[in-house]
Amino acid sequence: MNYKMMGRFIGHILLVEAVFMIPSLLISLVKQEDMACIGFAASICMILILSLLLLILCKSSKRGFKAKEGFVCVGISWIVMSLLGSLPFYISREIPSYLDALFETVSGFTTTGSSILSEIEELSMGILYWRSFTHWLGGMGVLVFVLAVGAFGESSKGFTMHLLRAESPGPQVGKLVPKMKKTAEILYLIYILLTIVNVAFLLFGGMPLFEAVCTAFGTAGTGGFGIKNDSIAGYSPYIQNVCTVFMLLFGVNFSCYYMLLLRQFRSVFKDEELRLYLGVVIGSIILITLNLKGFYATFEETLRHAAFQVASIVTTTGYATTDFDLWPTFSKSIILGLMVIGASAGSTGGGFKCARVLIIVKGLRRNLRRAISPQKVQVVRINDHMVDEKVLENTNAYLSAYVIILFISFILVSFDRCSVLTSFTAVLSCFNNIGPGLEAVGPTCNFGDFSWMSKLVLIGDMLAGRLEIFPILLLFSRTTWGRLKG
């Protein structure tokens with residue numbers, strides 16, 4: 001195991017985290033929020049000290065990562081980043097329990113949006129900003145950011161692909177351009193530009209600057225931490241519609257935007273995953289709107305709430321404009337299905353991913369054809385390209401791990417004696433990085449009443465879901481630590 005290279009990389013991650021806490025500290029200073037100032041100042045100092053120690057001790061590291069080391073490094077980085085990122089909440093005493101502070105932080109970085117807080121508006125502005133910013137930083141991935149800013153220069157060829165593959169959502173990760181560093185730069189540039197445009201549209205609708213920035217962070221990262229107790233429900237229809245559009249935009253595979261920049265419009269139009277994603281969204285909106293007939297005063301209001309909640313759930317953002325837990329069973333069933341499907345691979349959204357759904361459906365169709373014509377060669381194609389057998393195997397392995405973890409987590413959380421639907425949707429929403437579930441964890445409720453054991457289980461689910469399961473599983477594998485010695 002290349003421990004020194006891992007330590008050096010984690011040192012850079014912590015340095016980035018400390019730097020990104022500075023705006024929150026400045027906001028707290030301007031607003032004269034004394035406890036928040038102490039919380040951020042102490043946290044920044046502790047993180048910087050630890051970062052410098054790692055960078056000094058690991059200065060003479062040998063470059064190069066194997067695939068397993070890349071996965072392990074990503075898993076450890078996210079855990080350490082979350083443990084230290086929760087310090088401002090705890091030190092400022094705005095979240096007195098460290099476990100609750102850790103739950104909130106992990107929910108932020110993994111862009112889940114599940115919260116233990118009941119009175120969000122009582123938080124200081126500095127804490128609110130940091131809480132929302134964790135979404136933005138976790139949406140594209142802090143490791144991708146470190147690769148984009150070039151902390152390791154061009155000599156990082158030996159491990160950038162492993163790190164990007166471990167942190168990026170989707171069944172497979174490809175390069176937009178030949179160099180991985182350039183790919184990371186392009187991804188973050190698109191991410192930043194879309195966020196800025198989102199803020200501009202919110203400002204145009206009369207939203208104050210601070211609220212617009214925090215809301216855009218939650219939308220861009222598809223996280224869903226609102227700064228109001230009623231999430232987005234209290235804002236104007238225009239603001240709600242803007243959020244709907246941008247949630248859907250951030251749920252699209254970012255490679256599609258790159259192809260648009262290259263004017264490859266036909267390739268984007270023919271993208272099968274994009275078609276599935278849009279088809280699921282449009283179909284769900286139509287069905288829910290029809291099912292909600294008479295539920296709201298006007299057709300416009302019905303369509304607006306249906307579109308918003310479909311966009312929020314399928315992209316795993318988690319914002320809410322209405323209590324969809326009160327909707328008819330048919331509409332809630334669609335919402336439950338969207339929780340599983342999720343957004344596109346290569347987006348900031350979570351869930352099982354539309355790309356995996358495509359692969360599994362086409363793989364099933366191939367197996368049926370094989371049963372009929374066993375002598376005929378059958379391949380799986382997506383976008384006119386043959387899907388590698390390794391990708392098919394990995395997708396099937398992911399599905400197996402997904403079901404097993406979901407079931408075990410559900411059993412463990414069930415010890416809290418909540419209803420079956422509450423326990424199941426709590427696990428599903430955390431594992432798929434969605435935010436709200438149904439019943440006791442619905443859009444008007446929170447996760448604060450769960451026991452310490454259930455919170456630890458849900459924290460693990462959030463991390464496993466965001467990192468696509470395998471980086472977290474490898475941390476607990478004896479094979480990982482037994483064979484990677486040195």
# chains A, B, ... in the order shown; residues from 1 in each chain; ligands from 1
>>> select_by_dssp(residues="region 208-435 of chain A", states="alpha helix (DSSP H)", output="PyMOL selection string")
chain A and resi 209-220+237-250+254-261+265-269+272-291+299-314+329-341+354-372+389-413+420-431
>>> residues_around(residues="Ala212 (chain A)", least_positions_apart="2", cutoff="9 Å", atoms="only C-alpha atoms", output="number ranges by chain")
A: 198-203, 207-210, 214-217
>>> closest_residue(among="A:Cys418, A:Ile334, A:Ile232, A:Ala401", to="Glu439 (chain A)", atoms="only C-alpha atoms")
A:Cys418
>>> closest_residue(among="A:Leu54, A:Ile76, A:Val268, A:Ile91", to="Ile38 (chain A)", atoms="only C-alpha atoms")
A:Ile91
>>> closest_atom_pairs(of="region 188-280 of chain A", to="region 463-471 of chain A", cutoff="12 Å", atoms="only C-alpha atoms", output="tab-separated table")
residue	atom	partner	partner_atom	distance
A:Gly221	CA	A:Arg466	CA	11.7
A:Thr222	CA	A:Arg466	CA	11.7
A:Gly223	CA	A:Arg466	CA	11.2
>>> write_last_selection(atoms="C-alpha atoms", output="PDB file, in the first residue's frame")
ATOM      1  CA  GLY A 221     -24.955  19.572  -6.051  1.00  0.00           C
ATOM      2  CA  THR A 222     -28.466  18.048  -6.181  1.00  0.00           C
ATOM      3  CA  GLY A 223     -28.303  18.096  -2.402  1.00  0.00           C
TER       4      GLY A 223
END
>>> closest_residue(among="A:Ala320, A:Val403, A:Met81, A:Leu194", to="Ile434 (chain A)", atoms="only C-alpha atoms")
A:Ala320
>>> residues_around(residues="Phe103 (chain A)", least_positions_apart="2", cutoff="9 Å", atoms="only C-alpha atoms", output="ChimeraX atom specification")
/A:82,86,98-101,105-108,114-116,455-456,458-459
>>> write_last_selection(atoms="N, CA and C atoms", output="PDB file, in the first residue's frame")
ATOM      1  N   SER A  82     -15.319  14.343   6.194  1.00  0.00           N
ATOM      2  CA  SER A  82     -16.595  14.482   6.902  1.00  0.00           C
ATOM      3  C   SER A  82     -16.383  14.638   8.401  1.00  0.00           C
ATOM      4  N   SER A  86     -17.411  18.422  10.125  1.00  0.00           N
ATOM      5  CA  SER A  86     -18.500  18.569  11.098  1.00  0.00           C
ATOM      6  C   SER A  86     -18.105  19.409  12.302  1.00  0.00           C
ATOM      7  N   TYR A  98     -22.108  15.602  18.607  1.00  0.00           N
ATOM      8  CA  TYR A  98     -21.157  15.421  17.507  1.00  0.00           C
ATOM      9  C   TYR A  98     -21.684  14.438  16.476  1.00  0.00           C
ATOM     10  N   LEU A  99     -22.403  13.391  16.925  1.00  0.00           N
ATOM     11  CA  LEU A  99     -22.960  12.423  15.981  1.00  0.00           C
ATOM     12  C   LEU A  99     -23.964  13.095  15.049  1.00  0.00           C
ATOM     13  N   ASP A 100     -24.792  13.981  15.612  1.00  0.00           N
ATOM     14  CA  ASP A 100     -25.745  14.715  14.772  1.00  0.00           C
ATOM     15  C   ASP A 100     -25.016  15.647  13.807  1.00  0.00           C
ATOM     16  N   ALA A 101     -23.944  16.284  14.303  1.00  0.00           N
ATOM     17  CA  ALA A 101     -23.145  17.165  13.439  1.00  0.00           C
ATOM     18  C   ALA A 101     -22.503  16.367  12.307  1.00  0.00           C
ATOM     19  N   THR A 105     -23.171  16.731   8.296  1.00  0.00           N
ATOM     20  CA  THR A 105     -22.042  16.988   7.401  1.00  0.00           C
ATOM     21  C   THR A 105     -21.936  15.935   6.306  1.00  0.00           C
ATOM     22  N   VAL A 106     -22.056  14.662   6.691  1.00  0.00           N
ATOM     23  CA  VAL A 106     -22.022  13.594   5.694  1.00  0.00           C
ATOM     24  C   VAL A 106     -23.175  13.756   4.717  1.00  0.00           C
ATOM     25  N   SER A 107     -24.349  14.120   5.241  1.00  0.00           N
ATOM     26  CA  SER A 107     -25.513  14.367   4.381  1.00  0.00           C
ATOM     27  C   SER A 107     -25.232  15.503   3.407  1.00  0.00           C
ATOM     28  N   GLY A 108     -24.451  16.488   3.859  1.00  0.00           N
ATOM     29  CA  GLY A 108     -24.092  17.610   2.989  1.00  0.00           C
ATOM     30  C   GLY A 108     -23.103  17.212   1.915  1.00  0.00           C
ATOM     31  N   SER A 114     -30.648  14.787   3.794  1.00  0.00           N
ATOM     32  CA  SER A 114     -31.374  14.349   4.985  1.00  0.00           C
ATOM     33  C   SER A 114     -30.834  15.125   6.180  1.00  0.00           C
ATOM     34  N   SER A 115     -31.722  15.603   7.034  1.00  0.00           N
ATOM     35  CA  SER A 115     -31.298  16.485   8.119  1.00  0.00           C
ATOM     36  C   SER A 115     -31.844  16.019   9.461  1.00  0.00           C
ATOM     37  N   ILE A 116     -31.101  16.333  10.507  1.00  0.00           N
ATOM     38  CA  ILE A 116     -31.575  16.064  11.869  1.00  0.00           C
ATOM     39  C   ILE A 116     -32.149  17.340  12.492  1.00  0.00           C
ATOM     40  N   LYS A 455     -28.475   6.141  13.089  1.00  0.00           N
ATOM     41  CA  LYS A 455     -27.783   7.265  12.452  1.00  0.00           C
ATOM     42  C   LYS A 455     -26.441   6.820  11.887  1.00  0.00           C
ATOM     43  N   LEU A 456     -25.730   5.953  12.616  1.00  0.00           N
ATOM     44  CA  LEU A 456     -24.453   5.449  12.103  1.00  0.00           C
ATOM     45  C   LEU A 456     -24.668   4.612  10.847  1.00  0.00           C
ATOM     46  N   LEU A 458     -27.149   4.926   8.715  1.00  0.00           N
ATOM     47  CA  LEU A 458     -27.542   5.833   7.636  1.00  0.00           C
ATOM     48  C   LEU A 458     -26.357   6.664   7.146  1.00  0.00           C
ATOM     49  N   ILE A 459     -25.441   7.010   8.048  1.00  0.00           N
ATOM     50  CA  ILE A 459     -24.210   7.703   7.635  1.00  0.00           C
ATOM     51  C   ILE A 459     -23.407   6.816   6.696  1.00  0.00           C
TER      52      ILE A 459
END
>>> atom_distance(atom1="CA of Tyr319 (chain A)", atom2="CA of Leu189 (chain A)")
24.7 Å
>>> select_by_dssp(residues="region 368-470 of chain A", states="strand (DSSP E or B)", output="NGL selection string")
:A and (381-382 or 385-386)
>>> write_last_selection(atoms="C-alpha atoms", output="short mmCIF file (atom, residue, chain, number, x, y, z; two decimals), in the first residue's frame")
data_model
loop_
_atom_site.label_atom_id
_atom_site.label_comp_id
_atom_site.auth_asym_id
_atom_site.auth_seq_id
_atom_site.Cartn_x
_atom_site.Cartn_y
_atom_site.Cartn_z
CA ARG A 381 -25.04 -1.99 -27.29
CA ILE A 382 -25.64 1.50 -25.95
CA HIS A 385 -21.21 1.08 -28.97
CA MET A 386 -20.73 -2.41 -27.59
#
>>> residues_around(residues="Asn367 (chain A)", least_positions_apart="5", cutoff="9 Å", atoms="only C-alpha atoms", output="list in words")
Lys362, Ile372 and Gln378 of chain A
>>> write_last_selection(atoms="C-alpha atoms", output="PDB file, in the first residue's frame")
ATOM      1  CA  LYS A 362     -30.531  -4.669 -22.270  1.00  0.00           C
ATOM      2  CA  ILE A 372     -34.041 -18.764 -27.692  1.00  0.00           C
ATOM      3  CA  GLN A 378     -25.467 -11.596 -28.631  1.00  0.00           C
TER       4      GLN A 378
END
>>> residues_around(residues="region 304-314 of chain A", least_positions_apart="3", cutoff="7 Å", atoms="only C-alpha atoms", output="number ranges by chain")
A: 244, 247-248, 281, 284-285, 288-289, 300-301, 317-322, 335, 338-339, 341-343, 434
>>> write_last_selection(atoms="N, CA and C atoms", output="JSON list (two decimals), in the first residue's frame")
[["chain", "number", "residue", "atom", "x", "y", "z"],
["A", 244, "THR", "N", -36.79, 23.82, -10.62],
["A", 244, "THR", "CA", -37.17, 22.60, -11.35],
["A", 244, "THR", "C", -36.27, 22.40, -12.57],
["A", 247, "MET", "N", -32.53, 21.74, -11.50],
["A", 247, "MET", "CA", -32.35, 20.40, -10.94],
["A", 247, "MET", "C", -32.25, 19.37, -12.05],
["A", 248, "LEU", "N", -33.13, 19.49, -13.04],
["A", 248, "LEU", "CA", -33.10, 18.56, -14.17],
["A", 248, "LEU", "C", -31.81, 18.71, -14.98],
["A", 281, "VAL", "N", -38.78, 11.33, -16.63],
["A", 281, "VAL", "CA", -39.21, 12.60, -16.03],
["A", 281, "VAL", "C", -40.57, 13.03, -16.61],
["A", 284, "SER", "N", -43.43, 10.60, -15.70],
["A", 284, "SER", "CA", -43.81, 10.71, -14.28],
["A", 284, "SER", "C", -44.61, 11.97, -14.01],
["A", 285, "ILE", "N", -44.21, 13.08, -14.63],
["A", 285, "ILE", "CA", -44.93, 14.35, -14.44],
["A", 285, "ILE", "C", -46.37, 14.22, -14.94],
["A", 288, "ILE", "N", -48.44, 11.79, -12.56],
["A", 288, "ILE", "CA", -48.73, 12.38, -11.25],
["A", 288, "ILE", "C", -49.71, 13.54, -11.39],
["A", 289, "THR", "N", -49.55, 14.35, -12.44],
["A", 289, "THR", "CA", -50.48, 15.47, -12.66],
["A", 289, "THR", "C", -51.91, 14.95, -12.85],
["A", 300, "GLU", "N", -52.36, 24.70, -13.13],
["A", 300, "GLU", "CA", -50.98, 25.24, -13.10],
["A", 300, "GLU", "C", -50.28, 24.84, -11.81],
["A", 301, "GLU", "N", -50.95, 24.97, -10.68],
["A", 301, "GLU", "CA", -50.35, 24.61, -9.40],
["A", 301, "GLU", "C", -50.08, 23.11, -9.33],
["A", 317, "THR", "N", -32.23, 15.51, -5.44],
["A", 317, "THR", "CA", -31.95, 16.79, -4.79],
["A", 317, "THR", "C", -32.62, 16.85, -3.42],
["A", 318, "GLY", "N", -33.93, 16.65, -3.38],
["A", 318, "GLY", "CA", -34.61, 16.60, -2.09],
["A", 318, "GLY", "C", -35.30, 17.87, -1.65],
["A", 319, "TYR", "N", -35.29, 18.92, -2.48],
["A", 319, "TYR", "CA", -36.09, 20.10, -2.16],
["A", 319, "TYR", "C", -37.58, 19.73, -2.20],
["A", 320, "ALA", "N", -38.40, 20.55, -1.56],
["A", 320, "ALA", "CA", -39.84, 20.29, -1.58],
["A", 320, "ALA", "C", -40.63, 21.59, -1.66],
["A", 321, "THR", "N", -41.73, 21.57, -2.40],
["A", 321, "THR", "CA", -42.65, 22.71, -2.45],
["A", 321, "THR", "C", -43.99, 22.35, -1.83],
["A", 322, "THR", "N", -44.15, 21.06, -1.52],
["A", 322, "THR", "CA", -45.41, 20.58, -0.96],
["A", 322, "THR", "C", -45.13, 19.29, -0.20],
["A", 335, "ILE", "N", -43.10, 8.23, -6.98],
["A", 335, "ILE", "CA", -42.01, 8.89, -6.27],
["A", 335, "ILE", "C", -41.03, 7.85, -5.73],
["A", 338, "LEU", "N", -38.91, 6.58, -8.52],
["A", 338, "LEU", "CA", -37.91, 7.57, -8.92],
["A", 338, "LEU", "C", -36.74, 7.61, -7.94],
["A", 339, "MET", "N", -37.02, 7.33, -6.65],
["A", 339, "MET", "CA", -35.95, 7.29, -5.65],
["A", 339, "MET", "C", -34.90, 6.24, -6.02],
["A", 341, "ILE", "N", -34.41, 4.85, -9.26],
["A", 341, "ILE", "CA", -33.80, 5.07, -10.58],
["A", 341, "ILE", "C", -32.71, 6.13, -10.52],
["A", 342, "GLY", "N", -33.03, 7.30, -9.97],
["A", 342, "GLY", "CA", -32.04, 8.35, -9.87],
["A", 342, "GLY", "C", -31.76, 9.06, -11.18],
["A", 343, "ALA", "N", -30.67, 9.80, -11.19],
["A", 343, "ALA", "CA", -30.32, 10.65, -12.34],
["A", 343, "ALA", "C", -29.38, 9.92, -13.30],
["A", 434, "ILE", "N", -30.95, 11.00, -1.52],
["A", 434, "ILE", "CA", -32.13, 11.76, -1.93],
["A", 434, "ILE", "C", -32.49, 12.85, -0.94]]
>>> closest_residue(among="A:Ala371, A:Phe352, A:Ile411, A:Phe20", to="Asn396 (chain A)", atoms="only C-alpha atoms")
A:Phe352
>>> residues_around(residues="Phe431 (chain A)", least_positions_apart="2", cutoff="6 Å", atoms="only C-alpha atoms", output="list in words")
Val427, Leu428, Ser429, Asn433, Asp461, Met462 and Gly465 of chain A
>>> decode(residues="region 296-315 of chain A", atoms="N, CA and C atoms", output="short mmCIF file (atom, residue, chain, number, x, y, z; two decimals), in the first residue's frame")
data_model
loop_
_atom_site.label_atom_id
_atom_site.label_comp_id
_atom_site.auth_asym_id
_atom_site.auth_seq_id
_atom_site.Cartn_x
_atom_site.Cartn_y
_atom_site.Cartn_z
N TYR A 296 -55.10 20.14 -5.96
CA TYR A 296 -54.75 21.55 -5.82
C TYR A 296 -55.79 22.40 -6.52
N ALA A 297 -55.74 23.71 -6.25
CA ALA A 297 -56.79 24.61 -6.73
C ALA A 297 -56.83 24.74 -8.25
N THR A 298 -55.66 24.81 -8.88
CA THR A 298 -55.60 25.02 -10.33
C THR A 298 -54.72 23.98 -11.00
N PHE A 299 -54.87 23.86 -12.32
CA PHE A 299 -54.04 22.94 -13.08
C PHE A 299 -52.58 23.38 -13.05
N GLU A 300 -52.36 24.70 -13.13
CA GLU A 300 -50.98 25.24 -13.10
C GLU A 300 -50.28 24.84 -11.81
N GLU A 301 -50.95 24.97 -10.68
CA GLU A 301 -50.35 24.61 -9.40
C GLU A 301 -50.08 23.11 -9.33
N THR A 302 -50.99 22.32 -9.83
CA THR A 302 -50.82 20.86 -9.83
C THR A 302 -49.61 20.47 -10.67
N LEU A 303 -49.52 21.02 -11.88
CA LEU A 303 -48.41 20.71 -12.77
C LEU A 303 -47.08 21.18 -12.18
N ARG A 304 -47.09 22.36 -11.55
CA ARG A 304 -45.86 22.93 -10.97
C ARG A 304 -45.33 22.05 -9.84
N HIS A 305 -46.21 21.64 -8.93
CA HIS A 305 -45.78 20.79 -7.82
C HIS A 305 -45.35 19.41 -8.32
N ALA A 306 -46.08 18.88 -9.28
CA ALA A 306 -45.72 17.56 -9.82
C ALA A 306 -44.35 17.61 -10.50
N ALA A 307 -44.14 18.62 -11.32
CA ALA A 307 -42.86 18.75 -12.03
C ALA A 307 -41.71 18.98 -11.05
N PHE A 308 -41.95 19.83 -10.06
CA PHE A 308 -40.89 20.13 -9.08
C PHE A 308 -40.50 18.88 -8.32
N GLN A 309 -41.48 18.14 -7.79
CA GLN A 309 -41.15 16.98 -6.97
C GLN A 309 -40.56 15.84 -7.79
N VAL A 310 -41.00 15.69 -9.02
CA VAL A 310 -40.38 14.68 -9.90
C VAL A 310 -38.92 15.03 -10.14
N ALA A 311 -38.67 16.31 -10.47
CA ALA A 311 -37.30 16.76 -10.70
C ALA A 311 -36.45 16.60 -9.44
N SER A 312 -37.02 16.95 -8.30
CA SER A 312 -36.29 16.89 -7.04
C SER A 312 -35.93 15.47 -6.65
N ILE A 313 -36.85 14.54 -6.86
CA ILE A 313 -36.60 13.15 -6.44
C ILE A 313 -35.75 12.39 -7.44
N VAL A 314 -36.02 12.52 -8.75
CA VAL A 314 -35.26 11.76 -9.73
C VAL A 314 -33.81 12.21 -9.78
N THR A 315 -33.55 13.50 -9.51
CA THR A 315 -32.17 13.99 -9.46
C THR A 315 -31.58 13.84 -8.07
#
